[in-house]
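What follows is a single structure, written as structure tokens, with notes after it.
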Amino acid sequence: MLNNPSERYPALFDHLLQLRNLIRRSAGSSDITLNLIPVNFSHKRCLLIAWLSIVLSLVVAQHAKPHTLAMIHEVLTKSEEGRSSIVVKLSGDPAYKVIGLGRNEILIALKDTELSKGLYNKKITGDGLIQRVEINKRPNNVSCLLVKLRKPYIEIDHQIEAGKGRLHVQITSTTTSPKKTLKPPKIRNPKSKIQNPKSVSDSSLLHAETPAPVALSRPGGIDQLLNPDSRDTTPDTDLFLEAAGHFQMGRREDAIRIFTEIIKAYPKSPYLERAYFLLAKSYDHMFKNNISEHFVEVNRYYQDAISKFPNSVFVPDAMVSIGNCYFKIKNYYEALAYYSLVCENFKAYAAAPEAMFKRGKILVITKKPQEAIKSFQEVERLYPEAPFAGRAKIQRAKALFEMNNFKRSLRVLDEIITAEPNKVYENPDVLLYSGYDYYELGRLEEARDALCKVLNCYPDIESNHLILTRIADTYREQGTETKASKLYNMVLRRYPDGEGSLISMLRLSTDIQKVESKKLLFIMPIEEIAPYTRPAQETYKEIMKVHGDNPLSHLAGLRLAHQQQKDKDYEGSVNILRDILTRCPDTPLKEQIKSSLRAPVEAIFEREQQAGNYGKIVGYYEEMKADLGTEDMPNLLLILGDAYRRLHLYNVAIPAFEKARKSYTDQGQPATLLFGLGESFYKMQRLEEAQRALEAFIERYPEDKRAYQAYFLIGNIMLRQKKYEKAIAAFNLAMQKDPDELYKIDILLAMGEASNCRRDYNRASRLLNRAIALMNQNKTDPAAGTYEAYQDLGETYLKLGDNEQAVSAFENALKVSPRSLDDYRLQFRLAECYQRLRERDKTEGILNQIIASGDPFWTRMAEAKINEIEIDMRLKAG
């Protein structure tokens, strides 16, 4: 969104800059100094001040002689002693104007100037208060410096220093407390007595708020424009009356010719003001059917009139006309700017109702229905007798319909019909939207009656194909499918290229039974038509192919996707829906399409989960997540979280499970959710959260096949917390749940570790032997645990003092040791066992092998052990 007026309404600022209102200065070089201090200042108010400044200075500039073009050579910025400055080096004597655009922007406009090479569209970075200066060339030799500030300002001072060949802009920054109420900004010129344009009270264009309803005491409309108060018997009077007559009779070229003659031949004529404005209107009316080609020309004539007579009562009407031109070329933001200026500042003028009404229409177009309704209500309240009041009420009803507020919409339309029954014959929207409201409220008979009346009163209405389709829908909703089918077929035949035809095709392709043609009692004659009998999928594909990006084509795609889901072609359904979102990301059916994506994606996830393709699930989700969304999709999230868990991606499994958890009550959380969270928390060392989830899982699902895994994990948590009794109890419960053979091994090893920690070495040795026996029975990979189990068993035997069993365990460990592992520690431990058994040869043999390996640490340990043995032998011998 554009945040400042010059960017948001460029054409309006072009218009302001092109006015002949720049104050002429004395000959020679000039300097201008501006002091700027922060303020909070609205764009609209700033626009008004700029306008009034221009109006007031017009008196000075109107009769000035033209100057030769000045030249801007260089623009510099600098900062010193708390002040920031802009220095514009120039030659010549350009007239200039300083306009505050908003809180943080100031426009310096210099008339009759050129920019030197390198300055066109240049942006200069400032310092201090000045953020940057943007230099641009505007029409009619106007050069603009848009000064963007880092802080708001409260005052602008500017002055000319003769003889220095430069324009000097000095900016003062003042830090203001945010709680302080700031005064409006001032633009101050030492040579001008006008310090604040807002304070001027004698401008005929500034009016205070007028209580409702507004009395149009100074209409300034077309009637006043064509009928002057006095008619002197002078040549220019005769010419004006003749031109006005041509204008009223629609002879635009004759009117243009005479109005132009008045402007050129009678510059002092009392009809000059009217001639300027009527000349602009004549061009406007002449080119109304192709305004886009003549927009610049028409706009220029309106601007010339406003520039020539800025205080004229006809200015508001001209501004509305400019807005209308923008409206016709669909430049809604510029049109809205002009309408808003009139609405806010010229409420007592005849142009105000139209401006307010058109503003509401733009707000509807730009999807701001609530603001539009307020604008329409304001027209009704302030101008109840104006023609636009009735039109505004109808537009308000339409806006309420678009907001799905059908009851309020119908109530407004009922008020119109009650107050003015003939309105139904003047505006088709009254009956049309009454019918639409009745349909949406389920009052089908009344809807059909209203819509049939529309076709009777307005047989050539542009939306007749849509109206016929809606009438058919009323029969369809009532179950009278024969009548509905005949109407849909008639629309297909009569209006093959209309949206009603698309809707009818969709209706016929879904759930209406095809019937033989029968005569249908209907308010309009209907020809006999062969019923539509094409298969639904072919119809949908044809609509999508022929009608491309039409929203009804998207609806056809949606229906086709649903059909493919029924046929279990889930990938096909997903591809169609995603293709629509890719081609038309802003389709009105976007949310429905995203919602429809969920079912086939979930079906694909379930299929891949059953096949154990967890990687495919994760990959598919990563591809789909931008279009999918997972709100209110707990089952899909559970499958996704479980896939992450099985792939050991616990850090991303947890968010998926926790997001799914939000859709369940505490007692309704499924087993997969609780177990998945428990295991994932455990793997991520979040032990307390893991314990809570696993205990909840066991409590609610004690017979679940994963119960032994949950007990095992709880036992491990207790083991880490040195709660050995509880750990062994949990492991025993795990064994009672009949785990599979491989899991029994892990449980027995963990029980052995817990028993060792409790110094129950006999039980620990038994458990470890059972675990090793199961490993050998199942031919477990040594690297998966046999090697470590033998080591633990050997250490347990050493603690029992059973050196022979320890030797056997360590030797078995060395036998299953992975080839890549040089386990000198285990060899050293075996040598110690042989030493205790007094088998010196075996002891020294193992130690010499360690020394021969060359490992620095274990070589020293082995040498020390040999020395120890020799010393011990000498002591015993001595």
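By order of appearance in the structure tokens: chains A, B, ..., then residues from 1 within every chain, and ligands from 1 in the order shown.
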
Please identify all polymer residues within 6 Å of region 732-737 of chain A, counting only C-alpha atoms, omitting same-chain residues fewer than 3 positions from it, and present them as an mmCIF file with N, CA and C atoms, in the first residue's frame.
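Written file, result_5.cif:
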```cif
data_model
loop_
_atom_site.group_PDB
_atom_site.id
_atom_site.type_symbol
_atom_site.label_atom_id
_atom_site.label_comp_id
_atom_site.auth_asym_id
_atom_site.auth_seq_id
_atom_site.Cartn_x
_atom_site.Cartn_y
_atom_site.Cartn_z
ATOM 1 N N TYR A 708 4.311 -52.729 25.763
ATOM 2 C CA TYR A 708 5.620 -53.154 26.287
ATOM 3 C C TYR A 708 6.711 -52.132 25.952
ATOM 4 N N TYR A 711 6.331 -49.342 28.510
ATOM 5 C CA TYR A 711 6.916 -49.731 29.808
ATOM 6 C C TYR A 711 8.438 -49.712 29.744
ATOM 7 N N PHE A 712 8.990 -50.176 28.626
ATOM 8 C CA PHE A 712 10.441 -50.199 28.478
ATOM 9 C C PHE A 712 11.028 -48.776 28.545
ATOM 10 N N ALA A 729 10.709 -52.711 38.017
ATOM 11 C CA ALA A 729 9.272 -52.994 37.986
ATOM 12 C C ALA A 729 8.697 -52.719 36.592
#
```

For this session: Return as an NGL selection string the full set of residues in region 667-718 of chain A whose backbone-based DSSP assignment is alpha helix (DSSP H).
Result: :A and (671-683 or 687-700 or 707-718)

Exercise. Could you name the residues that touch Ile593 (chain A) at 12 Å or less, counting only C-alpha atoms, but leaving out those on the same chain fewer than 6 positions away, as a PyMOL selection string?
Worked result: chain A and resi 551+554-562+573-582+584-587+599-600+627-629

Exercise. Hey, what's within 8 Å of Ser340 (chain A) if we count only C-alpha atoms and toss same-chain stuff fewer than 2 positions away? As a list in words, please?
Worked result: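 Here the qualifying residues turn out to be Leu336, Ala337, Tyr338, Val342, Cys343, Glu344, Ala355, Met356 and Arg359 of chain A.
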
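The protein and nucleic acid residues lying at most 8 Å from region 631-640 of chain A are Arg598, Glu602, Phe605, Glu606, Gln609, Ile617, Val618, Tyr621, Ala653, Ala656, Phe657, Lys659, Ala660, Arg661, Ser663, Thr672 and Leu673 of chain A, with only C-alpha atoms considered and sequence neighbours fewer than 5 positions away removed.
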
For this session: Pick out the closest residue to Tyr436 (chain A) from this set: A:Ile471, A:Asp304, A:Leu115, A:Ala419. Count only C-alpha atoms.
Result: A:Ile471

Seminar exercise, completed: Here CA of Asp704 (chain A) and CA of Gln667 (chain A) stand apart by 16.0 Å

For this session: Considering only C-alpha atoms, return as an MDAnalysis selection string whatever protein or nucleic-acid residues lie within 7 Å of Thr843 (chain A), sequence-local ones (same chain, fewer than 5 positions apart) excluded.
Result: chainID A and resid 831 834:835

Seminar exercise, completed: Of A:Val652, A:Ile871, A:Ala70, A:Leu145, the one nearest to Leu107 (chain A) when counting only C-alpha atoms is A:Leu145

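Taking CA of Phe295 (chain A) and CA of Leu278 (chain A) as endpoints, the distance between them is 16.6 Å.
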